[in-house]
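For reference, final-v6.cif is printed below; it contains mmCIF, C-alpha atoms and all ligand atoms.
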data_final
loop_
_atom_site.label_atom_id
_atom_site.label_comp_id
_atom_site.auth_asym_id
_atom_site.auth_seq_id
_atom_site.Cartn_x
_atom_site.Cartn_y
_atom_site.Cartn_z
CA MET A 1 0.00 0.00 0.00
CA VAL A 2 2.88 2.36 0.87
CA GLY A 3 4.98 3.61 -2.04
CA ASP A 4 7.52 5.67 -0.13
CA TRP A 5 8.40 6.32 3.50
CA SER A 6 10.93 8.14 5.63
CA VAL A 7 11.80 8.36 9.30
CA SER A 8 13.18 11.16 11.46
CA ASP A 9 16.75 10.91 12.77
CA ASP A 10 15.53 9.98 16.24
CA GLY A 11 13.42 7.13 14.78
CA MET A 12 10.22 8.50 16.32
CA VAL A 13 8.33 10.16 13.43
CA TYR A 14 7.46 8.23 10.27
CA SER A 15 6.05 9.69 7.07
CA PHE A 16 4.29 7.45 4.53
CA THR A 17 3.18 8.20 0.98
CA LEU A 18 0.60 5.89 -0.59
CA ARG A 19 1.15 4.24 -3.96
CA ASP A 20 -0.68 5.69 -6.96
CA GLY A 21 -3.98 4.17 -8.06
CA LEU A 22 -4.99 2.42 -4.80
CA MET A 23 -8.74 1.70 -4.74
CA TRP A 24 -11.21 0.14 -2.33
CA HIS A 25 -13.46 -2.66 -3.64
CA ASP A 26 -16.21 -0.15 -4.41
CA GLY A 27 -13.85 1.89 -6.61
CA ASP A 28 -13.28 4.74 -4.12
CA PRO A 29 -9.65 5.82 -3.85
CA VAL A 30 -7.71 4.82 -0.69
CA THR A 31 -6.66 8.02 1.08
CA ALA A 32 -4.20 8.88 3.80
CA ALA A 33 -7.18 9.69 6.05
CA ASP A 34 -8.44 6.09 5.56
CA CYS A 35 -5.06 4.75 6.71
CA VAL A 36 -5.02 7.05 9.73
CA ALA A 37 -8.54 5.89 10.69
CA SER A 38 -7.47 2.22 10.37
CA ILE A 39 -4.39 2.67 12.55
CA GLU A 40 -6.44 4.61 15.10
CA ARG A 41 -8.87 1.68 15.29
CA TRP A 42 -5.99 -0.68 16.20
CA GLY A 43 -5.35 1.42 19.32
CA LYS A 44 -8.96 1.44 20.52
CA PRO A 45 -10.20 -1.20 22.95
CA ASP A 46 -12.48 -3.80 21.39
CA GLY A 47 -15.53 -5.34 23.09
CA MET A 48 -13.21 -7.27 25.41
CA GLY A 49 -11.23 -4.15 26.33
CA GLN A 50 -8.18 -5.28 24.37
CA LYS A 51 -6.17 -3.34 21.84
CA LEU A 52 -4.71 -4.88 18.70
CA MET A 53 -1.80 -2.43 18.61
CA ASP A 54 -1.12 0.76 20.45
CA PHE A 55 2.17 2.34 19.49
CA THR A 56 1.46 5.88 18.36
CA THR A 57 1.02 9.22 20.11
CA GLU A 58 0.04 11.17 17.01
CA LEU A 59 -1.37 10.28 13.60
CA THR A 60 -1.87 12.94 10.95
CA ALA A 61 -3.13 12.86 7.35
CA VAL A 62 -0.95 15.54 5.74
CA ASP A 63 -2.79 15.37 2.41
CA ASP A 64 -4.68 12.73 0.40
CA LYS A 65 -1.60 10.56 -0.09
CA THR A 66 0.68 11.28 2.85
CA PHE A 67 0.33 10.60 6.56
CA THR A 68 2.67 10.74 9.52
CA LEU A 69 2.78 8.84 12.78
CA THR A 70 4.75 9.51 15.94
CA LEU A 71 5.75 6.52 18.05
CA LYS A 72 5.24 6.20 21.80
CA GLU A 73 8.66 4.59 22.17
CA PRO A 74 11.66 4.30 19.82
CA TYR A 75 10.70 0.85 18.57
CA GLY A 76 13.03 1.21 15.55
CA LEU A 77 10.52 0.23 12.93
CA VAL A 78 11.44 -0.48 9.36
CA LEU A 79 9.13 -1.21 6.49
CA ASP A 80 9.24 -4.44 4.54
CA SER A 81 6.72 -6.34 2.41
CA HIS A 82 4.86 -7.36 5.60
CA GLY A 83 4.56 -3.87 7.05
CA LEU A 84 6.35 -2.27 9.96
CA VAL A 85 8.90 -4.37 11.83
CA LEU A 86 11.76 -3.74 14.24
CA ALA A 87 15.31 -3.80 12.90
CA VAL A 88 17.23 -6.83 14.24
CA ASP A 89 20.84 -7.62 13.45
CA GLY A 90 23.24 -10.44 14.25
CA VAL A 91 21.02 -12.67 16.38
CA ALA A 92 22.09 -16.32 16.58
CA PHE A 93 20.80 -19.22 18.67
CA ASP A 94 19.64 -22.78 18.42
CA ILE A 95 16.77 -24.57 20.17
CA ARG A 96 16.83 -28.31 20.79
CA ALA A 97 13.85 -30.65 20.80
CA GLY A 98 12.16 -30.59 24.18
CA GLU A 99 13.90 -27.34 25.16
CA THR A 100 12.61 -23.86 25.96
CA LEU A 101 14.77 -20.92 24.97
CA GLY A 102 13.62 -17.75 26.71
CA LEU A 103 14.15 -14.53 24.76
CA VAL A 104 14.16 -11.43 26.96
CA GLY A 105 14.79 -7.72 26.65
CA GLU A 106 13.07 -4.38 27.07
CA SER A 107 10.26 -3.21 24.86
CA GLY A 108 11.90 -2.25 21.58
CA SER A 109 14.71 -4.82 21.82
CA GLY A 110 13.49 -6.77 18.78
CA LYS A 111 12.26 -9.94 20.52
CA SER A 112 9.00 -10.17 18.63
CA THR A 113 10.70 -9.48 15.32
CA VAL A 114 12.98 -12.45 15.97
CA GLY A 115 9.93 -14.64 16.67
CA LYS A 116 8.17 -13.52 13.51
CA THR A 117 11.34 -14.03 11.49
CA VAL A 118 11.73 -17.59 12.81
CA MET A 119 8.14 -18.19 11.71
CA ARG A 120 8.97 -16.61 8.32
CA LEU A 121 6.19 -14.07 8.87
CA ILE A 122 9.03 -11.64 8.13
CA ASP A 123 11.70 -12.47 5.56
CA PRO A 124 15.24 -11.93 6.85
CA THR A 125 17.47 -9.87 4.58
CA SER A 126 20.44 -12.11 5.40
CA GLY A 127 21.35 -15.12 7.53
CA GLU A 128 19.54 -18.40 7.73
CA ILE A 129 16.94 -20.25 9.79
CA ARG A 130 17.25 -24.02 10.03
CA VAL A 131 14.43 -26.28 11.17
CA ARG A 132 15.40 -29.90 11.75
CA GLY A 133 18.54 -29.20 9.72
CA GLU A 134 16.68 -27.75 6.74
CA ASP A 135 17.41 -24.18 5.70
CA VAL A 136 13.93 -22.66 5.54
CA THR A 137 15.12 -19.13 4.96
CA ARG A 138 14.46 -19.10 1.22
CA ALA A 139 11.85 -21.89 1.09
CA GLY A 140 9.15 -21.14 -1.47
CA SER A 141 5.47 -20.87 -0.58
CA ALA A 142 4.71 -24.56 -1.34
CA ARG A 143 7.55 -25.78 0.87
CA MET A 144 6.69 -23.24 3.58
CA ARG A 145 3.13 -24.58 3.66
CA THR A 146 4.55 -27.97 4.66
CA LEU A 147 7.11 -26.47 7.03
CA ARG A 148 4.48 -24.34 8.78
CA ARG A 149 3.04 -27.54 10.18
CA GLN A 150 6.27 -27.95 12.12
CA MET A 151 6.30 -24.37 13.41
CA GLN A 152 3.35 -22.76 15.15
CA MET A 153 2.86 -19.57 17.12
CA VAL A 154 1.02 -18.69 20.33
CA PHE A 155 0.31 -14.99 20.69
CA GLN A 156 0.00 -12.59 23.63
CA ASP A 157 -3.54 -11.66 22.71
CA PRO A 158 -5.41 -14.77 21.62
CA TYR A 159 -8.55 -12.74 21.05
CA ALA A 160 -6.80 -10.69 18.36
CA SER A 161 -5.22 -13.77 16.78
CA LEU A 162 -8.32 -16.00 16.72
CA ASN A 163 -11.00 -15.68 14.07
CA THR A 164 -13.88 -14.28 16.11
CA ARG A 165 -16.46 -15.43 13.52
CA LEU A 166 -15.56 -19.10 13.98
CA SER A 167 -16.52 -21.38 16.85
CA ALA A 168 -13.74 -22.78 19.02
CA ARG A 169 -14.16 -26.14 17.28
CA SER A 170 -13.83 -24.59 13.80
CA ILE A 171 -10.78 -22.53 14.80
CA VAL A 172 -8.92 -25.76 15.56
CA ALA A 173 -10.57 -27.97 12.93
CA GLU A 174 -9.88 -25.66 9.99
CA LEU A 175 -6.17 -26.46 10.16
CA LEU A 176 -6.91 -30.20 9.99
CA GLU A 177 -9.25 -29.56 7.07
CA ASN A 178 -6.79 -27.30 5.24
CA TYR A 179 -3.97 -29.78 5.58
CA SER A 180 -6.17 -32.85 4.99
CA GLU A 181 -4.53 -34.17 8.11
CA VAL A 182 -7.26 -36.63 9.14
CA PRO A 183 -10.41 -38.03 7.48
CA ARG A 184 -13.31 -35.59 7.84
CA GLY A 185 -15.30 -38.07 9.89
CA GLU A 186 -12.56 -38.15 12.53
CA ILE A 187 -11.98 -34.42 12.87
CA ASP A 188 -14.44 -33.84 15.72
CA ASP A 189 -12.96 -36.69 17.74
CA ARG A 190 -9.48 -35.27 17.19
CA VAL A 191 -10.55 -31.76 18.22
CA ARG A 192 -12.40 -33.10 21.28
CA ALA A 193 -9.31 -35.02 22.41
CA LEU A 194 -7.13 -31.97 21.93
CA PHE A 195 -9.55 -29.78 23.89
CA GLN A 196 -9.39 -32.26 26.73
CA ARG A 197 -5.59 -32.22 26.55
CA VAL A 198 -5.42 -28.44 26.98
CA GLY A 199 -8.10 -28.34 29.66
CA LEU A 200 -11.13 -27.28 27.64
CA GLY A 201 -14.43 -29.13 27.87
CA PRO A 202 -16.42 -30.49 24.90
CA ASP A 203 -19.15 -27.92 25.64
CA GLN A 204 -16.64 -25.19 24.79
CA MET A 205 -16.26 -26.44 21.22
CA VAL A 206 -19.42 -24.60 20.17
CA LYS A 207 -18.48 -21.34 21.86
CA TYR A 208 -17.03 -18.30 20.09
CA PRO A 209 -13.87 -16.54 21.30
CA HIS A 210 -15.81 -13.69 22.93
CA GLU A 211 -17.73 -16.26 25.02
CA LEU A 212 -14.51 -17.67 26.52
CA SER A 213 -12.41 -16.28 29.38
CA GLY A 214 -8.86 -15.06 28.81
CA ARG A 215 -7.49 -18.34 30.20
CA GLN A 216 -9.79 -20.40 27.98
CA ARG A 217 -8.83 -18.35 24.93
CA GLN A 218 -5.15 -18.90 25.64
CA ARG A 219 -5.86 -22.65 25.97
CA LEU A 220 -7.71 -22.50 22.65
CA GLY A 221 -4.67 -20.75 21.13
CA ALA A 222 -2.52 -23.61 22.46
CA ALA A 223 -4.91 -26.21 20.98
CA ARG A 224 -4.73 -24.48 17.60
CA ALA A 225 -0.92 -24.36 17.77
CA LEU A 226 -0.73 -28.07 18.65
CA VAL A 227 -3.26 -29.55 16.26
CA LEU A 228 -0.76 -30.27 13.47
CA ASN A 229 1.81 -31.82 15.85
CA PRO A 230 4.50 -29.14 15.43
CA GLY A 231 8.08 -29.54 16.64
CA LEU A 232 8.58 -25.83 17.44
CA ILE A 233 6.24 -23.31 19.03
CA VAL A 234 7.08 -19.62 19.10
CA ALA A 235 5.22 -18.18 22.10
CA ASP A 236 5.22 -14.37 22.03
CA GLU A 237 4.31 -12.99 25.47
CA PRO A 238 1.74 -15.80 25.81
CA VAL A 239 0.80 -15.08 29.43
CA SER A 240 1.44 -11.36 29.85
CA ALA A 241 -2.24 -10.46 29.35
CA LEU A 242 -3.38 -12.97 32.01
CA ASP A 243 -3.82 -12.67 35.77
CA VAL A 244 -0.90 -14.07 37.78
CA SER A 245 -2.93 -17.07 39.02
CA VAL A 246 -3.96 -17.91 35.45
CA GLN A 247 -0.42 -17.36 34.17
CA ALA A 248 0.81 -20.25 36.31
CA GLN A 249 -1.85 -22.58 34.90
CA VAL A 250 -1.01 -21.73 31.30
CA LEU A 251 2.75 -22.01 31.94
CA ASN A 252 2.29 -25.40 33.60
CA LEU A 253 0.16 -26.53 30.67
CA LEU A 254 2.90 -25.50 28.22
CA MET A 255 5.50 -27.36 30.30
CA ASP A 256 3.34 -30.50 30.55
CA LEU A 257 2.79 -30.47 26.79
CA GLN A 258 6.50 -30.09 26.24
CA ASP A 259 7.29 -33.08 28.43
CA GLU A 260 4.66 -35.16 26.71
CA LEU A 261 5.29 -34.17 23.10
CA GLY A 262 8.97 -33.14 23.08
CA LEU A 263 8.11 -29.64 21.85
CA ALA A 264 10.73 -26.93 21.45
CA TYR A 265 9.64 -23.45 22.57
CA LEU A 266 11.00 -20.04 21.69
CA PHE A 267 9.45 -18.20 24.64
CA ILE A 268 9.45 -14.44 24.19
CA SER A 269 8.74 -12.35 27.26
CA HIS A 270 9.68 -9.15 29.03
CA ASP A 271 8.80 -10.86 32.34
CA LEU A 272 11.98 -12.37 33.75
CA ALA A 273 10.20 -14.24 36.55
CA VAL A 274 8.09 -16.06 33.95
CA VAL A 275 11.16 -16.76 31.80
CA GLU A 276 13.02 -18.14 34.83
CA HIS A 277 10.11 -20.46 35.54
CA ILE A 278 9.81 -21.99 32.08
CA SER A 279 13.16 -21.69 30.26
CA HIS A 280 16.07 -24.08 30.02
CA ARG A 281 18.30 -21.46 28.42
CA VAL A 282 17.88 -17.72 28.05
CA ALA A 283 19.01 -15.25 25.36
CA VAL A 284 19.08 -11.55 26.26
CA MET A 285 18.55 -8.94 23.54
CA TYR A 286 19.34 -5.25 23.52
CA LEU A 287 18.54 -2.93 20.62
CA GLY A 288 18.16 -5.74 18.10
CA LYS A 289 21.29 -7.69 19.17
CA ASN A 290 22.02 -10.71 21.35
CA VAL A 291 24.15 -9.64 24.33
CA GLU A 292 24.12 -12.79 26.51
CA LEU A 293 23.10 -16.43 26.10
CA THR A 294 23.40 -19.18 28.67
CA ASP A 295 21.47 -21.72 30.72
CA ARG A 296 18.81 -20.46 33.13
CA GLU A 297 20.70 -21.22 36.33
CA THR A 298 23.83 -19.41 35.20
CA LEU A 299 21.95 -16.41 33.85
CA PHE A 300 20.01 -15.84 37.05
CA SER A 301 22.91 -16.59 39.43
CA ASP A 302 25.88 -15.17 37.53
CA PRO A 303 24.81 -12.73 34.79
CA ARG A 304 27.89 -11.26 33.10
CA HIS A 305 26.61 -8.55 30.78
CA SER A 306 25.84 -5.29 32.57
CA TYR A 307 22.52 -5.01 30.70
CA THR A 308 21.49 -8.47 31.92
CA ARG A 309 22.43 -7.48 35.46
CA ALA A 310 20.32 -4.36 35.23
CA LEU A 311 17.34 -6.36 33.93
CA LEU A 312 17.68 -8.98 36.68
CA SER A 313 17.96 -6.34 39.39
CA THR A 314 14.27 -5.55 38.78
CA VAL A 315 13.12 -9.13 39.48
CA PRO A 316 11.71 -9.68 43.01
CA VAL A 317 13.61 -12.23 45.12
CA PRO A 318 11.31 -14.98 46.47
CA GLU A 319 13.02 -15.30 49.91
CA PRO A 320 11.40 -13.18 52.66
CA GLY A 321 13.57 -10.19 53.51
CA ALA A 322 16.00 -10.78 50.63
CA ARG A 323 16.35 -8.20 47.90
CA ARG A 324 18.55 -7.43 44.94
CA ASP A 325 20.33 -4.10 44.60
CA ARG A 326 18.40 -2.28 41.91
CA ILE A 327 20.55 -1.06 39.02
CA ILE A 328 18.99 1.99 37.41
CA LEU A 329 20.08 2.38 33.80
CA LYS A 330 20.70 5.96 32.79
CA GLY A 331 18.93 7.39 29.77
CA ASP A 332 16.33 5.92 27.45
CA ILE A 333 16.80 3.03 25.06
CA PRO A 334 18.18 4.61 21.84
CA SER A 335 16.57 4.18 18.44
CA PRO A 336 17.61 1.01 16.57
CA ILE A 337 17.13 2.96 13.36
CA ASN A 338 20.23 4.93 14.26
CA PRO A 339 21.91 2.81 16.98
CA PRO A 340 24.93 4.02 18.96
CA SER A 341 28.35 3.24 17.49
CA GLY A 342 30.50 0.43 18.88
CA CYS A 343 28.66 -1.36 21.68
CA ARG A 344 25.02 -0.40 21.36
CA PHE A 345 24.73 -0.40 25.13
CA HIS A 346 27.56 2.11 25.71
CA THR A 347 25.21 5.09 26.18
CA ARG A 348 23.74 3.43 29.30
CA CYS A 349 26.53 1.15 30.52
CA PRO A 350 28.21 2.08 33.83
CA PHE A 351 31.43 0.34 32.70
CA ALA A 352 31.76 1.91 29.23
CA GLU A 353 35.25 2.97 28.23
CA ALA A 354 36.75 4.49 25.09
CA ARG A 355 36.83 1.42 22.90
CA CYS A 356 33.19 0.63 23.69
CA LEU A 357 32.27 3.73 21.65
CA SER A 358 34.04 2.54 18.52
CA GLU A 359 34.42 -1.26 18.61
CA GLU A 360 31.36 -3.47 18.48
CA PRO A 361 31.73 -6.47 20.83
CA VAL A 362 30.83 -9.89 19.41
CA MET A 363 29.35 -12.83 21.28
CA CYS A 364 32.24 -14.80 22.84
CA ALA A 365 32.18 -18.02 24.83
CA ILE A 366 33.20 -17.43 28.47
CA GLY A 367 32.19 -20.84 29.77
CA SER A 368 30.33 -23.95 28.77
CA GLY A 369 27.41 -22.73 26.67
CA HIS A 370 27.75 -19.20 28.09
CA GLN A 371 28.25 -16.39 25.57
CA VAL A 372 28.49 -12.66 26.23
CA ALA A 373 29.04 -9.65 23.94
CA CYS A 374 31.12 -7.27 26.05
CA HIS A 375 34.74 -6.07 25.77
CA LEU A 376 35.15 -6.04 29.52
CA VAL A 377 33.38 -9.22 30.48
CA ASP A 378 36.45 -10.49 32.40
CA GLU A 379 37.02 -7.20 34.17
CA GLN A 380 33.60 -6.19 35.44
CA VAL A 381 33.13 -6.45 39.17
CA GLY A 382 30.02 -8.40 40.13
S1 LIG B 401 31.28 -3.47 25.68
FE1 LIG B 401 31.57 -1.68 27.00
S2 LIG B 401 29.67 -0.54 26.89
FE2 LIG B 401 29.25 -2.58 26.10
S3 LIG B 401 28.50 -3.71 27.85
FE3 LIG B 401 30.70 -4.07 27.75
S4 LIG B 401 31.60 -2.49 29.08
FE4 LIG B 401 29.49 -1.87 28.63
#

Write the structure described by the file as structure tokens, please.
Ligand code: SF4
Amino acid sequence: MVGDWSVSDDGMVYSFTLRDGLMWHDGDPVTAADCVASIERWGKPDGMGQKLMDFTTELTAVDDKTFTLTLKEPYGLVLDSHGLVLAVDGVAFDIRAGETLGLVGESGSGKSTVGKTVMRLIDPTSGEIRVRGEDVTRAGSARMRTLRRQMQMVFQDPYASLNTRLSARSIVAELLENYSEVPRGEIDDRVRALFQRVGLGPDQMVKYPHELSGRQRQRLGAARALVLNPGLIVADEPVSALDVSVQAQVLNLLMDLQDELGLAYLFISHDLAVVEHISHRVAVMYLGKNVELTDRETLFSDPRHSYTRALLSTVPVPEPGARRDRIILKGDIPSPINPPSGCRFHTRCPFAEARCLSEEPVMCAIGSGHQVACHLVDEQVG
């Protein structure tokens, strides 16, 4: 839809110009005001009080073909064929069968972009993604259709990701029908068994998403993700919209399913307590880059990157009376559109020295399975 776009130096204000000749189905021209109205609708609560997207402070139709938007935070958006995405660069990890890799970082770190790229909802401009040894990065649409069965996604907001016009049964069954996975006469039995597995009753098969609770919708999202027996599930903030008591139930369900089915999870979350609960290993991202990767125990007991330490200092300690010293990072997260030179974290790092401003640190192994991107990783005082 967009023919041209530009972004301000601080990465906060975007200007879009529509392509020539865009028409609605009734023949009316698509205008910048139409686009502004659509984006405004994303930020308004729906009937369940949930917002599809809410990332702008100001939206303006400059003329019929041009509109501008101002971001709430410096997300570092770039435009590709799928729309607006966050710039991510140099992220590398693997996930083994039956393993959960937690992916953490502040809002704007690029976590969700990584998840969408793994799912090939966004095409990477370079690098590769391997699933069961196969490079899926450049797989064509026919091959991706087959591969998608192996990779499914669970979203933060199941209400926004589920087709609200379909019953719960149809939401799950349509994948079986589309992939001709089982004979039609057996589909209901398969859906019923899957509902039971994720803790939904057969009476909920006829309900629509708006008739289910948040917990039930997240269970329905899990059933939909599982119906084709995938090997990998990308879970993007899957419990952050749920009450704490419900979060534990959904997390335990995901862990039980993993034990039973040998699933691999890429678990994206800003909530470190949740990540500590579910992950086997954890990757930390800052401004579109990996800065630390190690097993859960090591990350939470001996974090080595100063950004990881600052993140962990905000996590409550479960022991009565115990507390972590809070590390307050100075300044705001910079724009990934125009990231700082050298180490991207140098503008906020308490240990930064001259070379941090000019030399970009790479991920280096400092122990078994423990990688950190920091020039001074051996010198920092814990
Ligand atoms: S490379 Fe320098 S600025 Fe970056 S985390 Fe290490 S000490 Fe801080």

For this session: Name the residues, by chain letter and number, that sit within 6 Å of ligand LIG 401 (chain B) using only C-alpha atoms and all ligand atoms, and give them as an MDAnalysis selection string.
Result: chainID A and resid 305:306 343 345:346 349 351:352 356 361 374:376

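For the set A:Cys364, A:Val136, A:Val172, A:Met12, the residue with the smallest atom-to-atom gap to Asp188 (chain A) is A:Val172, counting all atoms listed in the file.
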
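Going from CA of Leu71 (chain A) to CA of Tyr14 (chain A) covers 8.1 Å.
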
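Residue nearest His270 (chain A) within the list A:Lys289, A:Arg138, A:Lys330, A:Lys111: A:Lys111 [criterion: smallest interatomic distance, only C-alpha atoms].
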
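Shortest atom-to-atom contact with Glu292 (chain A) among A:Gln150, A:Asn338, A:Gln371, A:Thr113: A:Gln371, counting only C-alpha atoms.
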
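The residue that comes closest to Pro238 (chain A), out of A:Met153, A:Val198, A:Leu175, A:Val191 and on the basis of all atoms listed in the file, is A:Met153.
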
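Using only C-alpha atoms, the shortest contact distance between Val227 (chain A) and any of A:Glu186, A:Glu276, A:Glu174, A:Glu359 is found at A:Glu174.
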
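Between CA of Asp63 (chain A) and CA of Met23 (chain A) there is a distance of 16.5 Å.
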
For this session: Fewer than 5 positions away in the same chain doesn't count, so skip those; otherwise give me all residues within 8 Å of region 96-103 of chain A, counting all atoms listed in the file, as an MDAnalysis selection string.
Result: chainID A and resid 111 231:232 258:259 261:269 275 278:285

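Relative to CA of Ala373 (chain A), CA of Val291 (chain A) is found at 4.9 Å.
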
For this session: Excluding Arg190 (chain A) and residues on its chain fewer than 5 positions from it, collect all residues at most 9 Å away from it, counting all atoms listed in the file, and give them as a list in words.
Result: Ala173, Val182, Phe195 and Val227 of chain A

For this session: Excluding Asp135 (chain A) and residues on its chain fewer than 6 positions from it, collect all residues at most 12 Å away from it, counting only C-alpha atoms, and give them as a list in words.
Result: Val118, Arg120, Gly127, Glu128, Ile129, Arg143, Met144 and Leu147 of chain A

Taking every listed atom of region 149-152 of chain A and adding 8 Å to each side, what centre and edge lengths in Å (one decimal) does the axis-aligned box have, as lines of an AutoDock Vina configuration file?
center_x = 4.7
center_y = -25.4
center_z = 12.7
size_x = 19.3
size_y = 21.2
size_z = 21.0

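Between Gly367 (chain A) and the residues A:Gln204, A:Asn252, A:Ser167, A:Thr298, the shortest atom-to-atom distance, using all atoms listed in the file, involves A:Thr298.
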